[in-house]
>>> print(open('input.cif').read())   # mmCIF, C-alpha atoms
data_input
loop_
_atom_site.label_atom_id
_atom_site.label_comp_id
_atom_site.auth_asym_id
_atom_site.auth_seq_id
_atom_site.Cartn_x
_atom_site.Cartn_y
_atom_site.Cartn_z
CA MET A 1 44.65 54.62 -2.44
CA SER A 2 46.08 55.45 0.95
CA LEU A 3 46.23 52.62 3.46
CA ASP A 4 46.15 52.75 7.23
CA PRO A 5 46.76 49.59 9.27
CA ILE A 6 43.73 47.34 8.87
CA GLN A 7 41.91 49.93 6.79
CA VAL A 8 39.13 48.10 5.00
CA MET A 9 37.54 49.10 1.74
CA SER A 10 34.32 47.62 0.42
CA GLY A 11 34.75 44.32 -1.36
CA GLN A 12 33.71 40.71 -1.37
CA VAL A 13 35.47 37.82 0.35
CA LYS A 14 35.54 34.59 -1.57
CA GLU A 15 37.11 31.94 0.59
CA LEU A 16 35.97 33.06 4.04
CA LYS A 17 32.41 32.35 5.02
CA VAL A 18 31.71 35.02 7.66
CA SER A 19 28.61 34.84 9.77
CA PRO A 20 26.42 37.95 9.27
CA SER A 21 26.14 38.37 13.02
CA SER A 22 29.88 38.22 13.63
CA ASN A 23 31.20 41.03 15.79
CA GLY A 24 27.68 42.07 16.72
CA ASP A 25 26.98 43.54 13.30
CA SER A 26 24.01 43.05 11.03
CA ARG A 27 26.29 42.86 7.99
CA GLY A 28 29.42 40.86 7.22
CA SER A 29 32.25 42.79 8.85
CA TRP A 30 34.38 42.66 5.69
CA GLU A 31 31.82 44.92 3.99
CA GLU A 32 32.34 47.90 6.26
CA LYS A 33 34.90 50.60 5.49
CA GLU A 34 36.71 51.22 8.74
CA GLU A 35 39.92 52.95 9.78
CA PHE A 36 42.00 51.70 12.66
CA ASP A 37 44.39 53.36 15.06
CA HIS A 38 47.19 51.58 16.93
CA ASP A 39 46.87 48.03 18.30
CA HIS A 40 46.70 49.15 21.89
CA LEU A 41 43.79 51.03 23.42
CA ASP A 42 45.84 54.17 24.01
CA LEU A 43 43.88 56.44 21.70
CA THR A 44 42.41 59.85 22.55
CA THR A 45 41.73 58.81 26.14
CA LYS A 46 44.43 56.93 27.96
CA PRO A 47 43.13 54.21 30.30
CA LYS A 48 44.84 53.35 33.51
CA PRO A 49 47.37 50.58 32.84
CA PHE A 50 46.38 47.06 33.72
CA SER A 51 48.78 44.51 35.10
CA PHE A 52 50.38 42.18 32.58
CA ILE A 53 48.76 38.82 32.16
CA CYS A 54 50.26 36.06 30.06
CA LEU A 55 47.65 33.34 29.70
CA LEU A 56 48.32 29.78 28.63
CA TYR A 57 45.08 27.93 28.16
CA HIS A 58 43.79 24.68 26.70
CA SER A 59 41.18 24.77 23.95
CA LEU A 60 37.61 24.14 25.00
CA SER A 61 36.73 22.58 21.66
CA SER A 62 35.79 18.93 21.42
CA SER A 63 38.80 18.05 19.24
CA PRO A 64 41.66 16.23 21.02
CA LEU A 65 44.53 18.38 22.17
CA CYS A 66 47.87 18.12 20.39
CA PRO A 67 51.01 18.58 22.49
CA GLN A 68 52.43 22.09 22.37
CA PRO A 69 55.98 22.39 21.04
CA LYS A 70 58.74 24.00 23.05
CA PRO A 71 59.58 27.51 21.79
CA GLU A 72 63.13 26.52 20.90
CA ASN A 73 61.84 23.81 18.54
CA ALA A 74 58.84 25.60 17.00
CA VAL A 75 58.46 28.31 14.36
CA THR A 76 56.63 30.83 16.53
CA ILE A 77 54.22 33.26 14.86
CA ALA A 78 52.89 36.02 17.14
CA VAL A 79 49.70 37.59 15.81
CA SER A 80 47.89 40.61 17.17
CA SER A 81 44.22 40.03 17.93
CA ARG A 82 43.38 43.03 15.75
CA VAL A 83 44.89 41.50 12.63
CA LEU A 84 43.58 38.00 13.30
CA PHE A 85 40.05 39.25 14.03
CA ARG A 86 37.91 42.27 13.25
CA THR A 87 37.30 44.50 16.29
CA GLU A 88 36.31 47.87 14.81
CA ARG A 89 32.94 48.04 16.60
CA GLU A 90 34.66 47.50 19.95
CA GLN A 91 37.25 50.12 19.03
CA ARG A 92 34.50 52.68 18.50
CA VAL A 93 32.98 51.84 21.88
CA PHE A 94 36.30 52.53 23.57
CA GLU A 95 36.93 55.75 21.66
CA GLN A 96 33.47 57.15 22.24
CA GLN A 97 32.55 55.80 25.67
CA GLY A 98 35.77 54.96 27.48
CA VAL A 99 37.46 51.92 28.93
CA GLU A 100 34.84 50.91 31.51
CA GLU A 101 32.04 50.85 28.96
CA TYR A 102 34.36 49.03 26.58
CA LEU A 103 35.00 46.27 29.12
CA ARG A 104 31.29 46.02 29.93
CA TYR A 105 30.49 45.73 26.22
CA GLN A 106 33.05 42.96 25.74
CA ILE A 107 31.65 40.96 28.65
CA GLU A 108 28.07 41.39 27.42
CA HIS A 109 29.05 40.18 23.95
CA GLU A 110 31.56 37.52 24.92
CA ASN A 111 29.50 34.77 23.29
CA GLU A 112 29.49 36.60 19.94
CA PRO A 113 32.58 35.61 17.93
CA PHE A 114 34.69 38.20 16.16
CA ALA A 115 34.80 38.05 12.38
CA PRO A 116 38.05 37.00 10.65
CA GLY A 117 40.69 39.65 10.03
CA PRO A 118 43.43 39.93 7.39
CA ALA A 119 45.77 37.46 9.13
CA PHE A 120 43.06 34.80 9.39
CA PRO A 121 43.75 32.98 6.07
CA PHE A 122 47.49 33.01 6.86
CA VAL A 123 46.92 31.39 10.26
CA LYS A 124 44.58 28.79 8.75
CA ALA A 125 47.30 27.95 6.22
CA LEU A 126 49.85 27.56 9.05
CA GLU A 127 47.52 25.09 10.72
CA ALA A 128 47.10 23.15 7.46
CA VAL A 129 50.89 22.77 7.27
CA ASN A 130 50.94 21.55 10.89
CA THR A 131 48.37 18.90 10.05
CA ARG A 132 50.61 17.55 7.29
CA LEU A 133 53.70 17.69 9.52
CA ARG A 134 51.96 15.75 12.30
CA GLU A 135 50.96 13.07 9.80
CA LEU A 136 54.59 12.63 8.69
CA TYR A 137 56.32 13.26 12.04
CA PRO A 138 53.89 12.46 14.89
CA GLN A 139 56.47 13.08 17.64
CA SER A 140 58.18 16.13 16.17
CA GLU A 141 57.94 19.57 17.76
CA GLU A 142 59.14 21.32 14.60
CA LEU A 143 55.78 22.95 13.90
CA PHE A 144 54.25 26.37 13.59
CA ASP A 145 53.27 27.62 17.04
CA ILE A 146 50.82 30.53 17.01
CA VAL A 147 50.72 33.02 19.88
CA LEU A 148 47.83 35.47 20.12
CA VAL A 149 49.14 38.82 21.37
CA THR A 150 46.75 41.51 22.56
CA TYR A 151 46.85 44.73 24.55
CA ASN A 152 43.44 43.80 25.96
CA HIS A 153 42.42 43.32 29.56
CA ALA A 154 41.98 39.72 30.69
CA HIS A 155 38.19 40.16 30.71
CA VAL A 156 38.31 40.12 26.92
CA GLY A 157 40.11 36.76 26.95
CA ILE A 158 36.87 34.80 27.24
CA ARG A 159 35.51 36.33 24.05
CA LEU A 160 38.79 35.68 22.24
CA ILE A 161 38.80 32.03 23.36
CA ASN A 162 35.18 31.65 22.29
CA THR A 163 36.05 33.14 18.91
CA ILE A 164 39.01 30.81 18.43
CA ASN A 165 36.83 27.80 19.17
CA HIS A 166 34.05 29.12 16.93
CA HIS A 167 36.45 29.31 13.98
CA ASN A 168 38.12 25.98 14.83
CA LEU A 169 41.55 27.53 15.29
CA PHE A 170 44.22 25.78 17.31
CA ILE A 171 45.80 28.60 19.31
CA GLU A 172 46.83 27.61 22.80
CA ARG A 173 49.14 30.47 23.77
CA PHE A 174 47.93 33.95 24.70
CA CYS A 175 49.71 37.08 25.82
CA MET A 176 47.27 39.67 27.20
CA THR A 177 49.31 42.69 28.25
CA GLY A 178 46.63 45.08 29.51
CA GLY A 179 48.13 48.02 27.64
CA SER A 180 51.81 47.19 28.17
CA SER A 181 54.26 46.61 25.33
CA PRO A 182 54.46 42.95 24.29
CA ILE A 183 57.98 43.14 22.85
CA GLY A 184 59.78 41.63 25.85
CA TYR A 185 57.40 38.69 25.85
CA LEU A 186 57.92 38.16 22.13
CA LYS A 187 61.60 37.62 22.87
CA ALA A 188 60.71 35.14 25.60
CA TRP A 189 58.59 33.19 23.11
CA GLN A 190 61.57 33.18 20.71
CA THR A 191 59.25 34.67 18.11
CA ASN A 192 60.10 34.10 14.45
CA LEU A 193 57.49 36.56 13.11
CA TYR A 194 55.27 39.22 14.67
CA LEU A 195 52.25 40.61 12.79
CA SER A 196 50.46 43.66 14.14
CA ALA A 197 48.37 46.69 13.24
CA ASP A 198 50.61 48.94 15.35
CA ALA A 199 53.47 50.29 13.23
CA ASP A 200 55.28 51.65 16.28
CA LYS A 201 55.35 48.26 17.96
CA VAL A 202 56.48 46.65 14.71
CA ARG A 203 59.41 49.07 14.55
CA GLU A 204 60.18 48.31 18.19
CA ALA A 205 60.20 44.59 17.44
CA LEU A 206 62.49 45.06 14.43
CA ALA A 207 64.88 47.08 16.58
CA GLU A 208 65.05 44.09 18.93
CA GLY A 209 65.91 41.74 16.09
CA ILE A 210 62.43 40.22 15.75
CA ALA A 211 61.03 39.80 12.23
CA ALA A 212 57.89 41.92 12.16
CA ALA A 213 55.47 43.65 9.81
CA THR A 214 52.39 45.84 9.87
CA MET A 215 49.45 44.14 8.19
CA PHE A 216 47.15 45.86 5.71
CA MET A 217 43.79 44.87 4.34
CA PRO A 218 43.23 44.88 0.57
CA GLU A 219 40.32 46.56 -1.17
CA LYS A 220 39.16 43.13 -2.24
CA LEU A 221 40.35 39.82 -0.89
CA THR A 222 41.65 37.32 -3.41
CA GLU A 223 40.82 33.67 -2.82
CA VAL A 224 43.87 31.83 -1.53
CA SER A 225 44.83 28.18 -1.24
CA GLU A 226 43.52 26.23 1.73
CA SER A 227 46.14 23.49 1.40
CA GLN A 228 49.39 25.31 0.53
CA LEU A 229 50.93 28.18 2.50
CA ARG A 230 52.25 30.81 0.07
CA VAL A 231 54.56 33.53 1.34
CA ALA A 232 56.00 36.23 -0.93
CA PHE A 233 58.97 38.45 -0.05
CA ASP A 234 60.47 41.59 -1.47
CA GLY A 235 64.26 41.49 -1.70
CA ASP A 236 66.21 44.55 -0.55
CA ALA A 237 65.43 45.75 3.00
CA VAL A 238 63.27 42.65 3.57
CA LEU A 239 65.29 39.48 2.93
CA PHE A 240 68.48 41.45 2.29
CA SER A 241 69.89 44.61 3.83
CA ASP A 242 69.20 48.01 2.27
CA GLU A 243 72.83 48.41 1.09
CA SER A 244 71.98 48.37 -2.62
CA GLU A 245 68.87 50.46 -2.13
CA ARG A 246 71.00 53.15 -0.53
CA ILE A 247 73.26 53.24 -3.60
CA PHE A 248 70.25 53.66 -5.85
CA LYS A 249 68.72 56.42 -3.73
CA ALA A 250 71.99 58.34 -3.42
CA HIS A 251 73.52 57.91 -6.88
CA GLY A 252 70.84 56.75 -9.30
CA LEU A 253 70.15 53.74 -11.47
CA ASP A 254 73.39 53.60 -13.47
CA LYS A 255 75.53 53.68 -10.35
CA PHE A 256 73.32 51.01 -8.81
CA PHE A 257 73.87 48.67 -11.78
CA GLU A 258 77.61 49.36 -11.67
CA HIS A 259 77.72 48.64 -7.94
CA GLU A 260 75.89 45.33 -8.38
CA ARG A 261 78.17 44.18 -11.21
CA GLU A 262 81.30 45.05 -9.21
CA ASN A 263 79.96 43.24 -6.13
CA GLU A 264 78.36 40.29 -7.89
CA ASP A 265 80.36 37.81 -5.80
CA THR A 266 80.01 39.75 -2.56
CA LEU A 267 77.12 38.51 -0.46
CA LEU A 268 74.41 40.92 0.55
CA ASP A 269 73.96 41.34 4.28
CA HIS A 270 70.84 39.87 5.84
CA GLY A 271 67.58 41.78 6.13
CA PRO A 272 64.93 41.64 8.87
CA LEU A 273 62.96 38.70 7.43
CA LYS A 274 65.84 36.43 6.43
CA GLY A 275 65.33 34.40 9.62
CA PHE A 276 61.66 33.81 8.84
CA LEU A 277 62.54 32.52 5.36
CA GLU A 278 65.11 30.23 7.03
CA ALA A 279 62.42 28.91 9.36
CA LEU A 280 60.09 28.21 6.43
CA GLY A 281 62.93 26.44 4.63
CA LYS A 282 63.61 24.24 7.63
CA LEU A 283 60.02 23.00 7.57
CA GLN A 284 60.05 22.59 3.79
CA LYS A 285 63.04 20.24 4.07
CA LYS A 286 61.03 17.96 6.35
CA PHE A 287 58.63 17.41 3.47
CA TYR A 288 61.47 16.98 0.98
CA ALA A 289 62.95 14.27 3.21
CA LYS A 290 59.72 12.31 2.78
CA GLY A 291 59.79 12.64 -1.03
CA GLN A 292 57.18 15.41 -1.07
CA ARG A 293 59.09 18.24 -2.73
CA LEU A 294 56.51 18.49 -5.52
CA ASP A 295 53.65 18.28 -3.04
CA CYS A 296 55.09 20.54 -0.36
CA PRO A 297 52.43 22.59 1.46
CA ILE A 298 54.82 25.57 1.80
CA ARG A 299 55.82 27.66 -1.21
CA THR A 300 57.99 30.77 -1.14
CA TYR A 301 58.40 33.59 -3.65
CA LEU A 302 60.88 36.39 -4.25
CA VAL A 303 59.10 39.30 -5.96
CA THR A 304 61.65 42.02 -6.64
CA ALA A 305 61.90 45.07 -8.86
CA ARG A 306 65.54 44.17 -9.56
CA SER A 307 66.45 43.31 -13.14
CA ALA A 308 67.54 39.71 -13.66
CA ALA A 309 70.58 40.25 -15.88
CA SER A 310 71.92 43.47 -14.39
CA SER A 311 71.34 42.94 -10.67
CA GLY A 312 69.56 39.65 -10.06
CA ILE A 313 72.59 37.38 -9.95
CA ARG A 314 73.87 38.87 -6.68
CA ALA A 315 70.55 38.22 -4.96
CA LEU A 316 70.45 34.61 -6.15
CA LYS A 317 74.06 33.96 -5.18
CA THR A 318 73.38 35.37 -1.72
CA LEU A 319 70.39 33.08 -1.17
CA ARG A 320 72.39 30.08 -2.38
CA ALA A 321 75.33 30.91 -0.11
CA TRP A 322 72.92 31.17 2.83
CA GLY A 323 71.64 27.69 2.01
CA LEU A 324 68.17 29.03 1.32
CA GLU A 325 65.91 27.88 -1.48
CA ILE A 326 63.25 30.14 -2.91
CA ASP A 327 60.64 28.29 -4.93
CA GLU A 328 59.94 31.05 -7.44
CA ALA A 329 61.86 34.24 -8.20
CA LEU A 330 60.29 37.07 -10.19
CA PHE A 331 62.63 39.84 -11.36
CA LEU A 332 60.29 42.58 -12.59
CA ALA A 333 62.81 45.25 -13.68
CA GLY A 334 60.70 48.01 -12.18
CA ALA A 335 57.30 46.75 -13.37
CA PRO A 336 54.35 46.88 -10.93
CA LYS A 337 54.22 43.99 -8.48
CA GLY A 338 50.45 43.91 -8.00
CA PRO A 339 49.57 41.92 -11.15
CA MET A 340 52.21 39.27 -10.40
CA LEU A 341 51.01 38.95 -6.82
CA GLU A 342 47.45 38.57 -8.06
CA LYS A 343 48.59 35.49 -9.99
CA ILE A 344 50.62 34.09 -7.09
CA ARG A 345 47.82 34.62 -4.57
CA PRO A 346 50.05 34.56 -1.47
CA HIS A 347 48.60 34.47 2.01
CA ILE A 348 50.93 37.35 2.83
CA TYR A 349 53.39 39.57 0.95
CA PHE A 350 56.17 41.51 2.71
CA ASP A 351 57.60 44.78 1.34
CA ASP A 352 59.44 47.72 2.87
CA GLN A 353 57.81 50.35 0.64
CA MET A 354 54.21 51.50 1.00
CA PHE A 355 54.16 52.19 -2.73
CA HIS A 356 54.34 48.44 -3.35
CA VAL A 357 52.10 47.54 -0.41
CA GLU A 358 49.36 49.75 -1.84
CA GLY A 359 49.84 48.28 -5.29
CA ALA A 360 49.50 44.78 -3.89
CA ALA A 361 46.39 45.69 -1.90
CA GLU A 362 44.74 47.21 -4.96
CA MET A 363 45.02 43.83 -6.67
CA GLY A 364 43.60 41.90 -3.70
CA THR A 365 46.75 40.73 -1.92
CA VAL A 366 47.07 40.85 1.87
CA ALA A 367 50.26 42.89 2.20
CA ALA A 368 52.46 43.63 5.20
CA HIS A 369 54.80 46.60 5.54
CA VAL A 370 58.31 46.06 6.92
CA PRO A 371 59.36 49.53 8.18
CA TYR A 372 63.07 49.04 7.71
CA GLY A 373 65.82 50.76 5.75
CA ILE A 374 66.38 53.89 3.71
CA ALA A 375 62.92 53.86 2.11
CA GLN A 376 61.35 54.82 5.45
CA LYS A 377 62.96 58.27 5.19
CA GLN A 378 61.09 59.13 2.01
CA ASN A 379 57.50 59.73 1.05
CA PRO A 380 56.19 56.18 0.55
CA LYS A 381 53.75 57.24 -2.14
CA HIS A 382 56.51 58.56 -4.39
CA SER A 383 59.19 56.03 -3.47
CA THR A 384 59.78 53.77 -6.43
CA SER A 385 62.68 51.40 -6.52
CA VAL A 386 64.64 49.39 -9.04
CA GLY A 387 66.82 47.67 -6.45
CA LYS A 388 63.96 46.07 -4.64
#
>>> encode(input="input.cif", output="structure tokens")
Amino acid sequence: MSLDPIQVMSGQVKELKVSPSSNGDSRGSWEEKEEFDHDHLDLTTKPKPFSFICLLYHSLSSSPLCPQPKPENAVTIAVSSRVLFRTEREQRVFEQQGVEEYLRYQIEHENEPFAPGPAFPFVKALEAVNTRLRELYPQSEELFDIVLVTYNHAHVGIRLINTINHHNLFIERFCMTGGSSPIGYLKAWQTNLYLSADADKVREALAEGIAAATMFMPEKLTEVSESQLRVAFDGDAVLFSDESERIFKAHGLDKFFEHERENEDTLLDHGPLKGFLEALGKLQKKFYAKGQRLDCPIRTYLVTARSAASSGIRALKTLRAWGLEIDEALFLAGAPKGPMLEKIRPHIYFDDQMFHVEGAAEMGTVAAHVPYGIAQKQNPKHSTSVGK
């Protein structure tokens, strides 16, 4: 199976009840096989750039508003509209008929909500954690803060707001860039994680020190928990640097094992998603402080192809030295990750190799590609790793 960002294969969704009319389609949007291009609307025809608009709005739903946390206190998750919702029909309108017809179509259909996309269950889980945090700490601003990021023109904002209210999401912050890069604004939001369908923008975010990943849609969607956020990470080139991976690629498995034994007490350098794991840990400790360690609504997993005895100890010592706890660690010694992820049922799994992303997607896991490190210089389909 070859995956493109937000490529969707036929399959059934268990936990999401999608209206058949969502996105203006006569069928549930999850059932269509669609291929996507980049997040922005710069496809075969390049529209004239629109001025940047950053929109902060208050929800129109009947539920009472909760105060918005300051960016410096929150764990900010920036999500592209094209991974949170399904917009393939609108994409076709733009590609085939141009930007003016696209805008007209959006306005005409602004009361028709978009169907949920691959990031939707993840965002719902973030909101479930916030509910628990507000119960325990009513005045605290240490919460998940979700920012919707889109290349769209402001005219599309009404439909996005209507969709958010339709699905009972609590998203108060919008960035609508009208075709411009959102990366500078992500830094202003002090973003802890950026999820997008645009691999180029994800690489740009990583280059600026922002944790980021390209989301992919599985062939089938495994039912996930509605009350516990589950996040799974690969090790090398995701939580850790690609130092050990480079040894493996250059000198082979035996040299890799030798290198890890010799450097067992030398900490690995940090990878692009270490900061996001730190942010999750900070929120976990708030539950631990209230005696809820065993009932914590956040659970983290390390799923690595490293071997436990020969190379796992360095990874564990590094996490401990960083002051980070990982709830479960799976050292697979090169075995496929997909079956383990199927049992974990994470809301999202991060890996730097498409080989593992595809394996996860085949088993029903929403996987996200972190385009970082030495593995990006090789054919992802044939890039297997023991030091992962």
>>> resolve_selection(input="input.cif", expression="the PyMOL selection byres ((chain A and resi 286-301) around 10)", output="MDAnalysis selection string")
chainID A and resid 125:126 128:130 132:133 136:137 142 225:234 277 280:285 302:304 325:330 341 344 346 349
>>> residues_around(input="input.cif", residues="Ser81 of chain A", least_positions_apart="6", cutoff="8 Å", atoms="all atoms listed in the file", output="JSON, numbers by chain")
{"A": [148, 149, 150]}
>>> closest_residue(input="input.cif", among="A:Lys187, A:Arg203, A:Lys249, A:His167", to="Lys124 of chain A", atoms="all atoms listed in the file")
A:His167
>>> atom_distance(input="input.cif", atom1="atom CA of Leu193 of chain A", atom2="atom CA of Lys70 of chain A")
16.1 Å
>>> residues_around(input="input.cif", residues="Val370 of chain A", least_positions_apart="5", cutoff="10 Å", atoms="all atoms listed in the file", output="list in words")
Ala199, Val202, Arg203, Leu206, Ala211, Ala212, Ala213, Thr214, Met215, Asp234, Ala237, Val238, Pro272, Leu273, Phe350, Asp351, Asp352, Gln353, Met354, Val357 and Gln376 of chain A
>>> residues_near_point(input="input.cif", point="(45.9, 46.9, -9.3)", cutoff="8 Å", atoms="only C-alpha atoms", output="number ranges by chain")
A: 338-339, 359-364
>>> atom_distance(input="input.cif", atom1="atom CA of Val99 of chain A", atom2="atom CA of Gly117 of chain A")
22.8 Å
>>> atom_distance(input="input.cif", atom1="atom CA of Ser310 of chain A", atom2="atom CA of Phe248 of chain A")
13.4 Å
>>> residues_around(input="input.cif", residues="segment 102-111 of chain A", least_positions_apart="6", cutoff="10 Å", atoms="only C-alpha atoms", output="list of chain:residue names")
A:Asn23, A:Gly24, A:Glu90, A:Gln91, A:Arg92, A:Val93, A:Phe94, A:Glu95, A:Gln96, A:Asn152, A:His153, A:Ala154, A:His155, A:Val156, A:Gly157, A:Ile158, A:Arg159, A:Leu160, A:Ile161, A:Asn162, A:Thr163, A:His166
>>> residues_around(input="input.cif", residues="Pro71 of chain A", least_positions_apart="3", cutoff="12 Å", atoms="all atoms listed in the file", output="list in words")
Gln68, Ala74, Val75, Thr76, Ile77, Ala78, Glu141, Glu142, Leu143, Phe144, Asp145, Ile146, Val147, Arg173, Leu186, Lys187, Ala188, Trp189, Gln190, Thr191 and Asn192 of chain A
>>> closest_residue(input="input.cif", among="A:Ser80, A:Gln97, A:Gly312, A:Asn263", to="Ala333 of chain A", atoms="all atoms listed in the file")
A:Gly312
>>> decode(input="input.cif", residues="segment 74-87 of chain A", atoms="N, CA and C atoms", output="mmCIF file, in the first residue's frame")
data_model
loop_
_atom_site.group_PDB
_atom_site.id
_atom_site.type_symbol
_atom_site.label_atom_id
_atom_site.label_comp_id
_atom_site.auth_asym_id
_atom_site.auth_seq_id
_atom_site.Cartn_x
_atom_site.Cartn_y
_atom_site.Cartn_z
ATOM 1 N N ALA A 74 -0.547 27.033 27.962
ATOM 2 C CA ALA A 74 -1.272 25.921 27.343
ATOM 3 C C ALA A 74 -0.333 24.978 26.601
ATOM 4 N N VAL A 75 -0.856 23.788 26.290
ATOM 5 C CA VAL A 75 -0.221 22.872 25.339
ATOM 6 C C VAL A 75 -0.975 23.077 24.021
ATOM 7 N N THR A 76 -0.337 23.810 23.113
ATOM 8 C CA THR A 76 -1.030 24.258 21.903
ATOM 9 C C THR A 76 -0.866 23.247 20.778
ATOM 10 N N ILE A 77 -1.986 22.790 20.252
ATOM 11 C CA ILE A 77 -2.027 21.831 19.142
ATOM 12 C C ILE A 77 -2.619 22.550 17.939
ATOM 13 N N ALA A 78 -1.815 22.748 16.901
ATOM 14 C CA ALA A 78 -2.291 23.380 15.666
ATOM 15 C C ALA A 78 -2.652 22.280 14.670
ATOM 16 N N VAL A 79 -3.867 22.327 14.164
ATOM 17 C CA VAL A 79 -4.382 21.273 13.293
ATOM 18 C C VAL A 79 -4.870 21.889 11.993
ATOM 19 N N SER A 80 -4.406 21.354 10.886
ATOM 20 C CA SER A 80 -4.883 21.803 9.585
ATOM 21 C C SER A 80 -6.349 21.411 9.398
ATOM 22 N N SER A 81 -7.098 22.281 8.742
ATOM 23 C CA SER A 81 -8.510 21.980 8.504
ATOM 24 C C SER A 81 -8.680 20.727 7.664
ATOM 25 N N ARG A 82 -7.667 20.400 6.846
ATOM 26 C CA ARG A 82 -7.798 19.247 5.965
ATOM 27 C C ARG A 82 -7.414 17.928 6.617
ATOM 28 N N VAL A 83 -6.914 17.961 7.837
ATOM 29 C CA VAL A 83 -6.769 16.719 8.595
ATOM 30 C C VAL A 83 -7.836 16.607 9.673
ATOM 31 N N LEU A 84 -8.395 17.731 10.100
ATOM 32 C CA LEU A 84 -9.487 17.683 11.068
ATOM 33 C C LEU A 84 -10.796 17.315 10.385
ATOM 34 N N PHE A 85 -10.992 17.825 9.148
ATOM 35 C CA PHE A 85 -12.220 17.566 8.410
ATOM 36 C C PHE A 85 -11.900 17.010 7.025
ATOM 37 N N ARG A 86 -12.932 16.502 6.373
ATOM 38 C CA ARG A 86 -12.808 15.961 5.035
ATOM 39 C C ARG A 86 -13.278 17.012 4.023
ATOM 40 N N THR A 87 -12.417 17.383 3.093
ATOM 41 C CA THR A 87 -12.728 18.452 2.146
ATOM 42 C C THR A 87 -12.407 18.045 0.706
#
